[in-house]
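Raw work-v7.csv, CSV, C-alpha atoms:
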```csv
chain,number,residue,atom,x,y,z
A,297,MET,CA,-39.0,48.1,-179.9
A,298,LYS,CA,-42.0,50.0,-178.6
A,299,PHE,CA,-40.0,50.7,-175.4
A,300,LEU,CA,-37.1,52.1,-177.3
A,301,PHE,CA,-39.4,54.3,-179.3
A,302,PHE,CA,-41.1,55.6,-176.1
A,303,ILE,CA,-37.7,56.6,-174.6
A,304,PHE,CA,-36.7,58.4,-177.8
A,305,PHE,CA,-40.1,60.2,-177.9
A,306,ILE,CA,-39.8,61.3,-174.3
A,307,SER,CA,-36.2,62.5,-174.7
A,308,SER,CA,-37.0,64.4,-177.9
A,309,TYR,CA,-40.0,66.0,-176.3
A,310,ALA,CA,-38.1,67.0,-173.2
A,311,TYR,CA,-35.3,68.5,-175.3
A,312,SER,CA,-37.8,70.4,-177.4
A,313,GLN,CA,-38.9,72.3,-174.3
A,314,PHE,CA,-35.5,74.0,-174.2
A,315,ASN,CA,-33.8,76.6,-176.4
A,316,LEU,CA,-37.1,77.9,-177.8
A,317,ILE,CA,-37.3,80.9,-180.2
A,318,ASP,CA,-40.6,82.5,-180.7
A,319,GLU,CA,-42.2,83.8,-183.9
A,320,ASN,CA,-40.4,87.1,-183.4
A,321,GLY,CA,-37.0,85.5,-183.2
A,322,LEU,CA,-36.7,86.1,-179.5
A,323,LYS,CA,-35.2,83.4,-177.1
A,324,GLN,CA,-37.8,82.3,-174.5
A,325,GLY,CA,-37.9,80.0,-171.6
A,326,ASP,CA,-35.2,77.5,-170.4
A,327,TRP,CA,-32.0,77.4,-172.3
A,328,VAL,CA,-29.1,75.1,-172.2
A,329,LEU,CA,-25.9,76.1,-174.0
A,330,PHE,CA,-22.9,73.9,-174.8
A,331,TYR,CA,-19.2,74.4,-175.3
A,332,PRO,CA,-18.3,74.5,-179.1
A,333,TYR,CA,-15.8,72.4,-180.9
A,334,ASN,CA,-16.1,69.3,-178.7
A,335,GLN,CA,-16.4,65.8,-179.9
A,336,SER,CA,-19.7,65.6,-178.0
A,337,ASP,CA,-22.2,68.4,-177.4
A,338,SER,CA,-22.8,67.0,-173.9
A,339,ILE,CA,-20.5,69.5,-172.1
A,340,VAL,CA,-22.9,72.2,-170.8
A,341,SER,CA,-21.5,75.7,-170.6
A,342,GLU,CA,-24.6,77.6,-169.3
A,343,LYS,CA,-28.2,77.0,-168.1
A,344,GLY,CA,-30.8,79.7,-167.5
A,345,VAL,CA,-33.9,81.4,-168.6
A,346,PHE,CA,-34.6,83.9,-171.3
A,347,VAL,CA,-37.5,86.3,-171.4
A,348,ASP,CA,-37.9,88.2,-174.6
A,349,ASP,CA,-34.3,87.5,-175.6
A,350,LEU,CA,-33.0,88.8,-172.2
A,351,GLU,CA,-31.4,86.7,-169.4
A,352,ASP,CA,-33.8,86.6,-166.4
A,353,GLY,CA,-33.5,84.9,-163.1
A,354,LEU,CA,-30.9,82.4,-162.0
A,355,TRP,CA,-28.2,81.3,-164.5
A,356,ILE,CA,-25.6,78.7,-163.8
A,357,LYS,CA,-22.4,78.5,-165.9
A,358,TYR,CA,-19.9,75.7,-166.0
A,359,HIS,CA,-16.2,75.0,-166.5
A,360,LYS,CA,-15.3,72.5,-169.2
A,361,ASN,CA,-14.6,69.9,-166.5
A,362,GLY,CA,-18.3,70.1,-165.5
A,363,LYS,CA,-17.8,72.1,-162.3
A,364,ILE,CA,-19.8,75.3,-161.7
A,365,ARG,CA,-17.8,78.4,-162.6
A,366,GLU,CA,-20.5,81.1,-162.0
A,367,ILE,CA,-23.8,81.4,-160.3
A,368,VAL,CA,-25.5,84.7,-161.3
A,369,ASN,CA,-28.9,86.4,-161.2
A,370,TYR,CA,-30.4,88.6,-163.9
A,371,LEU,CA,-33.3,90.9,-164.2
A,372,LYS,CA,-34.3,91.8,-167.7
A,373,GLY,CA,-30.8,91.2,-169.0
A,374,ASP,CA,-29.1,93.2,-166.2
A,375,LEU,CA,-27.1,91.6,-163.4
A,376,HIS,CA,-29.4,91.7,-160.3
A,377,GLY,CA,-28.7,90.1,-157.0
A,378,LEU,CA,-25.8,87.7,-156.0
A,379,ARG,CA,-23.0,86.7,-158.4
A,380,LEU,CA,-20.5,84.0,-157.5
A,381,LEU,CA,-17.4,83.2,-159.5
A,382,ILE,CA,-15.8,79.9,-158.8
A,383,THR,CA,-12.5,78.4,-159.9
A,384,LYS,CA,-12.3,75.1,-161.8
A,385,HIS,CA,-11.1,73.6,-158.6
A,386,GLY,CA,-14.3,74.6,-156.8
A,387,LYS,CA,-12.9,77.5,-154.7
A,388,LEU,CA,-14.8,80.8,-154.4
A,389,LYS,CA,-13.0,83.6,-156.3
A,390,GLU,CA,-15.5,86.5,-156.3
A,391,GLN,CA,-18.8,87.3,-154.5
A,392,GLU,CA,-20.5,90.3,-155.9
A,393,ASN,CA,-23.9,92.0,-155.4
A,394,PHE,CA,-25.8,94.0,-158.1
A,395,ILE,CA,-28.9,96.0,-158.4
A,396,ASN,CA,-30.1,96.8,-161.9
A,397,GLY,CA,-26.7,96.1,-163.4
A,398,LYS,CA,-24.7,98.1,-160.9
A,399,TYR,CA,-22.6,97.1,-158.0
A,400,ASP,CA,-24.5,97.6,-154.8
A,401,GLY,CA,-23.6,96.3,-151.3
A,402,LEU,CA,-20.7,94.3,-150.2
A,403,GLN,CA,-18.3,92.9,-152.8
A,404,MET,CA,-15.7,90.2,-151.8
A,405,TYR,CA,-12.7,88.8,-153.6
A,406,PHE,CA,-10.5,85.9,-152.6
A,407,HIS,CA,-7.0,84.6,-152.8
A,408,ASP,CA,-6.3,81.2,-154.3
A,409,ASN,CA,-6.1,79.7,-150.8
A,410,GLY,CA,-9.7,80.8,-150.2
A,411,LYS,CA,-8.9,83.7,-147.8
A,412,PRO,CA,-10.3,87.1,-148.6
A,413,SER,CA,-8.1,89.4,-150.7
A,414,THR,CA,-10.5,92.5,-150.9
A,415,THR,CA,-13.8,93.5,-149.4
A,416,ILE,CA,-15.4,96.8,-150.6
A,417,THR,CA,-18.9,98.3,-150.4
A,418,TYR,CA,-20.7,100.0,-153.3
A,419,LEU,CA,-23.8,102.1,-153.5
A,420,ASN,CA,-25.6,102.5,-156.8
A,421,GLY,CA,-22.5,101.6,-158.8
A,422,VAL,CA,-19.9,103.6,-157.0
A,423,LYS,CA,-17.5,102.8,-154.1
A,424,ASP,CA,-19.2,104.0,-150.9
A,425,GLY,CA,-18.0,102.6,-147.6
A,426,PRO,CA,-15.0,100.7,-146.2
A,427,LEU,CA,-12.3,99.0,-148.3
A,428,ILE,CA,-10.2,96.3,-146.7
A,429,LYS,CA,-7.4,94.5,-148.5
A,430,TYR,CA,-5.7,91.4,-147.1
A,431,TYR,CA,-2.4,89.5,-147.6
A,432,SER,CA,-2.8,85.9,-148.5
A,433,ASN,CA,-2.0,84.9,-144.9
A,434,GLY,CA,-5.2,86.7,-143.8
A,435,LYS,CA,-3.6,89.7,-142.3
A,436,THR,CA,-4.8,93.2,-143.2
A,437,GLN,CA,-2.9,95.0,-146.0
A,438,GLU,CA,-4.9,98.2,-146.3
A,439,LYS,CA,-7.9,99.9,-144.7
A,440,SER,CA,-9.6,102.8,-146.5
A,441,TYR,CA,-13.0,104.5,-146.7
A,442,TYR,CA,-14.8,105.7,-149.8
A,443,LEU,CA,-17.4,108.4,-150.1
A,444,ASN,CA,-19.1,108.8,-153.5
A,445,ASP,CA,-16.3,106.8,-155.3
A,446,LYS,CA,-13.4,108.8,-153.7
A,447,LYS,CA,-11.2,108.1,-150.7
A,448,GLU,CA,-12.2,109.9,-147.6
A,449,GLY,CA,-10.5,110.2,-144.2
A,450,ILE,CA,-7.5,108.2,-143.0
A,451,SER,CA,-6.2,105.3,-145.2
A,452,THR,CA,-3.8,103.0,-143.5
A,453,TRP,CA,-1.4,100.4,-145.1
A,454,TYR,CA,0.2,97.6,-143.2
A,455,PHE,CA,3.2,95.3,-143.4
A,456,ASP,CA,2.5,91.6,-143.4
A,457,ASN,CA,3.4,91.5,-139.7
A,458,GLU,CA,0.4,93.9,-139.0
A,459,GLN,CA,2.6,96.9,-138.3
A,460,ILE,CA,1.5,100.1,-139.9
A,461,SER,CA,3.6,101.0,-143.0
A,462,LEU,CA,1.9,104.2,-144.3
A,463,GLN,CA,-0.9,106.5,-143.4
A,464,TYR,CA,-2.5,109.2,-145.6
A,465,ARG,CA,-5.5,111.4,-145.0
A,466,TYR,CA,-7.9,112.0,-147.9
A,467,LEU,CA,-10.5,114.6,-148.7
A,468,ALA,CA,-12.6,114.0,-151.8
A,469,GLY,CA,-10.0,111.6,-153.1
A,470,MET,CA,-7.1,114.1,-152.6
A,471,ILE,CA,-4.2,113.5,-150.1
A,472,ILE,CA,-4.1,116.2,-147.5
A,473,ASP,CA,-2.3,117.0,-144.2
A,474,THR,CA,0.6,115.0,-142.9
A,475,ALA,CA,1.5,111.6,-144.2
A,476,TYR,CA,3.4,109.1,-142.0
A,477,VAL,CA,5.8,106.3,-143.1
A,478,TYR,CA,7.0,103.6,-140.7
A,479,TYR,CA,9.7,101.0,-140.5
A,480,LYS,CA,8.5,97.4,-140.4
A,481,ASP,CA,9.3,97.2,-136.7
A,482,GLY,CA,7.0,100.2,-136.0
A,483,PHE,CA,9.4,103.1,-135.7
A,484,LEU,CA,8.6,106.3,-137.6
A,485,LYS,CA,10.6,106.6,-140.8
A,486,SER,CA,9.4,109.9,-142.3
A,487,LYS,CA,6.6,112.5,-142.2
A,488,TYR,CA,5.7,115.0,-144.8
A,489,SER,CA,2.7,117.2,-145.8
A,490,TYR,CA,0.3,117.2,-148.7
A,491,ILE,CA,-2.1,119.8,-150.1
A,492,GLN,CA,-4.5,118.5,-152.7
A,493,ASN,CA,-2.5,115.5,-153.7
A,494,GLU,CA,0.9,117.3,-153.9
A,495,MET,CA,3.7,117.3,-151.4
A,496,HIS,CA,3.9,120.8,-149.9
A,497,GLY,CA,5.9,121.7,-146.9
A,498,LYS,CA,8.6,120.1,-144.7
A,499,LYS,CA,9.7,116.5,-145.0
A,500,ILE,CA,11.7,114.8,-142.2
A,501,THR,CA,13.2,111.3,-142.5
A,502,TYR,CA,14.4,109.5,-139.4
A,503,TYR,CA,16.8,106.6,-138.5
A,504,LYS,CA,15.2,103.8,-136.5
A,505,SER,CA,16.8,105.4,-133.4
A,506,GLY,CA,14.7,108.5,-133.9
A,507,VAL,CA,17.7,110.6,-135.0
A,508,ILE,CA,16.9,112.8,-138.0
A,509,GLN,CA,18.4,111.4,-141.2
A,510,GLU,CA,17.3,114.1,-143.7
A,511,THR,CA,15.2,117.3,-143.8
A,512,GLY,CA,13.9,119.3,-146.7
A,513,SER,CA,10.8,121.1,-148.1
A,514,PHE,CA,8.4,120.7,-151.0
A,515,LEU,CA,6.5,123.3,-152.9
A,516,ASN,CA,3.9,122.1,-155.4
A,517,ASP,CA,5.3,118.6,-155.3
A,518,LYS,CA,8.9,119.8,-156.1
A,519,LYS,CA,11.9,120.0,-153.8
A,520,VAL,CA,12.8,123.6,-152.8
A,521,GLY,CA,15.3,125.2,-150.5
A,522,PHE,CA,18.0,123.3,-148.6
A,523,TRP,CA,17.9,119.6,-148.2
A,524,CYS,CA,20.3,118.4,-145.5
A,525,LYS,CA,21.5,114.9,-144.6
A,526,TYR,CA,22.8,113.8,-141.2
A,527,ASP,CA,24.7,110.8,-139.8
A,528,THR,CA,23.4,108.4,-137.2
A,529,VAL,CA,24.4,110.7,-134.3
A,530,GLY,CA,22.9,113.8,-135.9
A,531,VAL,CA,26.0,115.4,-137.4
A,532,GLU,CA,25.3,117.2,-140.7
A,533,ILE,CA,26.8,115.4,-143.7
A,534,GLU,CA,25.8,117.7,-146.5
A,535,CYS,CA,23.2,120.3,-147.5
A,536,VAL,CA,22.1,120.8,-151.1
A,537,GLU,CA,19.9,123.6,-152.5
A,538,TYR,CA,16.9,122.9,-154.8
A,539,LYS,CA,14.9,125.3,-156.9
A,540,LYS,CA,11.6,124.0,-158.4
A,541,GLY,CA,12.9,120.5,-158.0
A,542,ILE,CA,16.3,121.1,-159.7
A,543,LYS,CA,19.5,120.6,-157.8
A,544,GLN,CA,21.6,123.8,-157.8
```

What would the structure in this file look like if it were written as structure tokens?
Amino acid sequence: MKFLFFIFFISSYAYSQFNLIDENGLKQGDWVLFYPYNQSDSIVSEKGVFVDDLEDGLWIKYHKNGKIREIVNYLKGDLHGLRLLITKHGKLKEQENFINGKYDGLQMYFHDNGKPSTTITYLNGVKDGPLIKYYSNGKTQEKSYYLNDKKEGISTWYFDNEQISLQYRYLAGMIIDTAYVYYKDGFLKSKYSYIQNEMHGKKITYYKSGVIQETGSFLNDKKVGFWCKYDTVGVEIECVEYKKGIKQ
């Protein structure tokens, strides 16, 4: 009987060291939180430390099946350091880095099969650096670069066979210069020009053979002038005139 009382006393004392609230009503020290509405309160949802009612340091959060769902670090209530998000099957879903509550450094996201889906770099909460997106087979889908949260330079998109599908050039987030579109087997499909995110200038579309399929022009993102179509040997089929995007 004395032995049972001793166990009860130790267990009660140990539990009393968790989930403390000070005289000012602020959560302090180690806390263990449980999922609500269960037959038993033994299913832990979160474990971590509070300092003056703010999360601080390492927190571990759990799925209802008991497996870890999130490992995250805080500093005075703000996300600070590494954050890992994990599926209930134990696969890594997100790997993020924070400084004082803002994204900072390399962020990684994953497909269900465990392969990366996106990697992107942040600086002080804004995109700043390379962005790479991947197909679920691991092959590259997009390569871009950000400067101060806006796309900058050449962005390239790929088919799942690693052939280029599309290329744009960006300046401060705006598409500029000539854009190129390709067939899946690598042949040029079309090219056209942009000025500040609007199509402006001549567009040429090609058959896979390299023969011109269609020509026309844009002004302020609207079709203008004569748009002409050609057959596979280059013979003109028809020409249609446009004014401010409206067919005449």

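Across the structure, atom CA of A:Asp473 and atom CA of A:Gly449 are spaced 10.7 Å apart.
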
query: Nearest to A:Lys360 among A:Glu438, A:Glu390, A:Glu342, A:Asp456, with distances taken over only C-alpha atoms: which residue is it?
result: A:Glu342

field: Residues within 6 Å of A:Ile367, all atoms listed in the file, excluding chain neighbours under 5 positions, as number ranges by chain
entry: A: 356, 379-380

message: I'd like the contact shell of A:Leu350 - 6 Å cut-off, only C-alpha atoms, skipping same-chain residues fewer than 2 positions apart - returned as a list in words.
response: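 With the cut-off at 6 Å, the set is Phe346, Val347, Asp348, Lys372 and Gly373 of chain A.
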
- line: Shortest contact to A:Ala475, candidates A:Leu322, A:Leu371, A:Ile500, A:Cys535, atoms counted all atoms listed in the file, goes to A:Ile500

- request: Go ahead and compute the interatomic distance for atom CA of A:Val345 and atom CA of A:Leu402, in Å to one decimal.
  value: 26.1 Å

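Proximity to A:Ile533 was assessed for A:Asp517, A:Glu510, A:Asp374, A:Glu392 counting only C-alpha atoms; the smallest distance is recorded for A:Glu510.
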
field: Pick from A:Gly325, A:Pro412, A:Tyr418, A:Glu458, whichever lies nearest to A:Gln313 using all atoms listed in the file
entry: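 So, comparing all the options, the nearest one is A:Gly325.
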
task: Tell me which protein, DNA and RNA residues are within 6 Å of A:Lys498, counting only C-alpha atoms, leaving out same-chain ones fewer than 2 positions away, and put them as an NGL selection string.
output: :A and (488 or 512-513)
